[in-house]
Amino acid sequence: MTYGKLTDQELDFIRRIVGPERMSLGESVLDLHGKDESFHPKRRPDLVIWPLDPEEISYILKMANEIRIPVTPWGAGTSIEGNPNPVEGGIVLDLQQMNHILQLRTEDLQVRVEAGVIYKELNQYLSRYGLFFPPDPGAAATIGGMVGNNASGIRTVKYGSTKDFVLNMIVVLPSGEIIRTGTNAVKSSSGYDLCRLFIGSEGTLGVVTEITLRLVGLPAEFMATVVQFHTVREATNTVSQIMRSGLSPAALELLDIPTIQVVNQFKKLSLKEKPTLFIEFQGTSVSGLKEELEVVKEICKDNGSLQFDSGIGREERNRLWEARYDVRESIKVANPGFTALVIDTAVPISKYPDMVEWGQKKVAEKELKGYAFGHAGSGNLHMEILGILEEEGQWQKVLEAGEGIVKFALECGGTATGEHGVGIGKKKFMKREHGESLKLMKQIKDLLDPNGIMNPGKIFE
Ligand SMILES: Cc1cc2nc3c(=O)[nH]c(=O)nc-3n(C[C@H](O)[C@H](O)[C@H](O)COP(=O)(O)OP(=O)(O)OC[C@H]3O[C@@H](n4cnc5c(N)ncnc54)[C@H](O)[C@@H]3O)c2cc1C
């Protein structure tokens with residue numbers, strides 16, 4: 001597809017809409033909007049704009065659509081598959097200044113926010129009212145970016161992912177038309193579910209400007225535990241059994257030995273260097289939580305657990321979760337000069353033990369360095385496979401190992417991406433994962449965005 005170029009005429013038009021202070025052609029600004037947190041190559045946009053409302057976005061999209069200028073929405077740029085990289089240049093719409101919490105309706109457990117609100121800040125605000133928005137990707141992501149990627153995180157095993165919390169949204173289509181999808185009702189069977197169409201569409205169908213989210217009450221009590229095993233297989237079998245036992249952990253995370261080693265170093269912890277599960281339960285009474293933990297303890301024992309540490313206080317528990325959130329940083333700091341290919345496969349829970357074992361085998365076969373961790377309770381494996389990008393032979397091995405792992409997940413009935421989105425990195429698996437229905441996805445894209453201006457080069461090869 002050939003795209004148009006921004007001329008002085010269009011720049012004047014945009015200046016009249018947003019004013020000179022909310023647009024930039026400055027090198028450093030363009031640089032900052034050229035790539036996310038992944039290894040995928042940087043490509044500077046031609047212009048960055050900070051809109052303030054749907055109407056401004058509508059004018060800009062209408063103009064861009066007429067002369068075929070690529071437009072890529074940008075939240076906080078924390079993606080790890082190249083999702084917001086403006087690979088064809090053009091305009092980046094940075095939603096950062098649309099960061100207002102518009103309306104909290106405590107009586108309905110709902111909040112209406114602009115797309116640029118950072119979810120951590122939203123949760124800080126909500127905590128005053130005893131409420132929270134559970135999907136939790138760890139990085140300082142925006143709600144719009146979480147909708148874009150259908151993000152989730154350590155709490156998803158109990159509460160669900162972003163898509164489970166969106167009730168309605170305002171979306172600006174590539175034509176400039178502004179629509180509302182969904183209602184304030186928590187259930188509906190009224191026609192096609194357009195909210196869910198835009199969620200996970202990675203900015204390829206339109207720009208989300210406002211979102212109404214369903215909330216949940218902050219749990220009164222929690223109990224966390226650290227369990228260690230001789231082998232990863234014992235740990236992953238335990239995960240699968242906990243999930244089948246009818247228990248509902250609020251977090252169930254796996255960390256293999258290399259991951260524990262780097263986390264110990266980076267966070268100055270002294271966890272035994274063994275395959276480890278971090279588990280947390282949340283609820284209304286201590287006695288209820290104790291009962292749940294007793295069941296978990298039995299399952300762990302049956303699977304040969306070495307250590308079951310359940311007397312964790314609030315401070316220690318917070319330190320552990322902080323360490324979990326910092327896994328990526330810990331790997332980075334321990335391996336200067338290396339680049340990570342990030343695996344994000346998710347499989348049905350019964351296949352999780354095989355998935356992890358297969359991943360470790362692929363990395364060992366290629367004699368590479370790899371770290372296995374992830375949201376085990378949701379069947380989600382993150383492996384970071386390390387290599388030196390400039391050493392072609394080695395990076396090729398990294399890609400081959402990654403490909404082998406994703407293919408195995410798909411054979412298990414799983415997905416190439418549990419939460420990071422397709423972006424650039426997972427495009428090559430889309431046909432294999434979706435078969436004929438990929439064609440329908442493309443038809444939907446062509447219907448909504450016939451000129452292909454919205455975040456081109458993503459999802460489809
Ligand atoms: C250390 C680290 C840990 C992470 N852990 C997790 C994790 O546990 N779980 C998880 O899910 N993710 C995780 N991520 C990935 C990332 O944080 C999430 O995908 C997050 O949702 C991205 O949000 P963002 O605001 O940075 O969006 P961006 O990266 O800016 O954009 C994401 C995508 O959405 C589109 N987009 C952004 N805003 C809008 C909008 N308003 N309308 C339409 N499209 C839009 C963009 O074009 C892009 O395609 C992690 C990232 C890092 C760096």
# chains A, B, ... in the order shown; residues from 1 in each chain; ligands from 1
call {"tool": "closest_atom_pairs", "arguments": {"of": "chain A", "to": "ligand 1", "cutoff": "7 Å", "atoms": "only C-alpha atoms and all ligand atoms", "output": "Markdown table"}}
result
| residue | atom | partner | partner_atom_place_in_ligand_line | distance |
| --- | --- | --- | --- | --- |
| A:Asp36 | CA | ligand 1 | 29 (O) | 6.1 |
| A:Glu37 | CA | ligand 1 | 53 (C) | 5.6 |
| A:Thr72 | CA | ligand 1 | 47 (O) | 5.2 |
| A:Pro73 | CA | ligand 1 | 47 (O) | 4.1 |
| A:Trp74 | CA | ligand 1 | 30 (O) | 4.1 |
| A:Gly75 | CA | ligand 1 | 30 (O) | 3.4 |
| A:Ala76 | CA | ligand 1 | 26 (O) | 3.6 |
| A:Gly77 | CA | ligand 1 | 30 (O) | 3.4 |
| A:Thr78 | CA | ligand 1 | 26 (O) | 3.6 |
| A:Ser79 | CA | ligand 1 | 29 (O) | 3.8 |
| A:Ile80 | CA | ligand 1 | 15 (C) | 5.5 |
| A:Asn83 | CA | ligand 1 | 49 (O) | 4.0 |
| A:Pro84 | CA | ligand 1 | 48 (C) | 3.9 |
| A:Leu95 | CA | ligand 1 | 41 (N) | 6.2 |
| A:Ala115 | CA | ligand 1 | 41 (N) | 5.0 |
| A:Gly116 | CA | ligand 1 | 41 (N) | 6.8 |
| A:Asp136 | CA | ligand 1 | 8 (O) | 6.5 |
| A:Pro137 | CA | ligand 1 | 7 (C) | 3.5 |
| A:Gly138 | CA | ligand 1 | 5 (N) | 5.0 |
| A:Ala139 | CA | ligand 1 | 17 (O) | 4.7 |
| A:Ala140 | CA | ligand 1 | 17 (O) | 6.7 |
| A:Ala141 | CA | ligand 1 | 25 (O) | 3.7 |
| A:Thr142 | CA | ligand 1 | 25 (O) | 3.7 |
| A:Ile143 | CA | ligand 1 | 25 (O) | 6.4 |
| A:Gly144 | CA | ligand 1 | 41 (N) | 3.9 |
| A:Gly145 | CA | ligand 1 | 27 (O) | 3.3 |
| A:Met146 | CA | ligand 1 | 21 (O) | 3.3 |
| A:Val147 | CA | ligand 1 | 34 (O) | 6.7 |
| A:Gly148 | CA | ligand 1 | 34 (O) | 3.5 |
| A:Asn149 | CA | ligand 1 | 19 (O) | 5.3 |
| A:Asn150 | CA | ligand 1 | 11 (O) | 6.8 |
| A:Ala151 | CA | ligand 1 | 11 (O) | 3.3 |
| A:Ser152 | CA | ligand 1 | 11 (O) | 4.0 |
| A:Gly153 | CA | ligand 1 | 8 (O) | 4.0 |
| A:Ile154 | CA | ligand 1 | 8 (O) | 6.4 |
| A:Glu202 | CA | ligand 1 | 49 (O) | 3.5 |
| A:Gly203 | CA | ligand 1 | 44 (N) | 3.4 |
| A:Gly206 | CA | ligand 1 | 43 (C) | 5.9 |
| A:Val207 | CA | ligand 1 | 42 (N) | 3.8 |
| A:Val208 | CA | ligand 1 | 42 (N) | 3.7 |
| A:Thr209 | CA | ligand 1 | 41 (N) | 5.4 |
| A:Tyr325 | CA | ligand 1 | 3 (C) | 6.8 |
| A:Asp326 | CA | ligand 1 | 1 (C) | 6.8 |
| A:Arg328 | CA | ligand 1 | 1 (C) | 5.5 |
| A:Glu329 | CA | ligand 1 | 1 (C) | 6.7 |
| A:Glu419 | CA | ligand 1 | 11 (O) | 4.2 |
| A:His420 | CA | ligand 1 | 19 (O) | 4.9 |
| A:Gly421 | CA | ligand 1 | 19 (O) | 7.0 |
| A:Gly423 | CA | ligand 1 | 49 (O) | 6.6 |
| A:Asn455 | CA | ligand 1 | 47 (O) | 6.2 |
call {"tool": "residues_around", "arguments": {"residues": "Ala323 in chain A", "least_positions_apart": "2", "cutoff": "9 Å", "atoms": "only C-alpha atoms", "output": "MDAnalysis selection string"}}
result
chainID A and resid 263:264 266:267 269 318:321 325:327 330
call {"tool": "select_by_dssp", "arguments": {"residues": "range 205-266 of chain A", "states": "alpha helix (DSSP H)", "output": "PyMOL selection string"}}
result
chain A and resi 232-244+257-266
call {"tool": "residues_around", "arguments": {"residues": "range 251-256 of chain A", "least_positions_apart": "4", "cutoff": "10 Å", "atoms": "only C-alpha atoms", "output": "number ranges by chain"}}
result
A: 153-159, 224-229, 231-232, 235-236, 239, 242-243, 260-261, 263, 273-282, 321, 324, 327, 356, 360, 370-383
call {"tool": "residues_around", "arguments": {"residues": "Asn123 in chain A", "least_positions_apart": "4", "cutoff": "7 Å", "atoms": "only C-alpha atoms", "output": "list in words"}}
result
Tyr119, Ser127, Phe132 and Phe133 of chain A
call {"tool": "write_last_selection", "arguments": {"atoms": "C-alpha atoms", "output": "compact mmCIF listing (two decimals), in the first residue's frame"}}
result
# COMPACT_ATOMS: atom_id res chain seq x y z
CA TYR A 119 -4.22 2.05 35.26
CA SER A 127 -8.68 2.36 46.51
CA PHE A 132 -10.30 -1.71 41.97
CA PHE A 133 -9.81 -2.57 38.31
call {"tool": "select_by_dssp", "arguments": {"residues": "range 239-317 of chain A", "states": "strand (DSSP E)", "output": "VMD selection string"}}
result
chain A and resid 251 to 255 276 to 283 307 to 309
call {"tool": "residues_around", "arguments": {"residues": "Lys290 in chain A", "least_positions_apart": "6", "cutoff": "10 Å", "atoms": "only C-alpha atoms", "output": "ChimeraX atom specification"}}
result
/A:222-223,281,296,310
call {"tool": "residues_around", "arguments": {"residues": "Glu88 in chain A", "least_positions_apart": "5", "cutoff": "8 Å", "atoms": "only C-alpha atoms", "output": "PyMOL selection string"}}
result
chain A and resi 43+45+70+456-457
call {"tool": "write_last_selection", "arguments": {"atoms": "C-alpha atoms", "output": "PDB file, in the first residue's frame"}}
result
ATOM      1  CA  ARG A  43      10.750   3.832  12.842  1.00  0.00           C
ATOM      2  CA  PRO A  45       6.746   8.903  12.811  1.00  0.00           C
ATOM      3  CA  PRO A  70      -0.848   6.372   8.454  1.00  0.00           C
ATOM      4  CA  PRO A 456      -0.493  -0.359   9.332  1.00  0.00           C
ATOM      5  CA  GLY A 457       1.850  -3.362   9.351  1.00  0.00           C
TER       6      GLY A 457
END
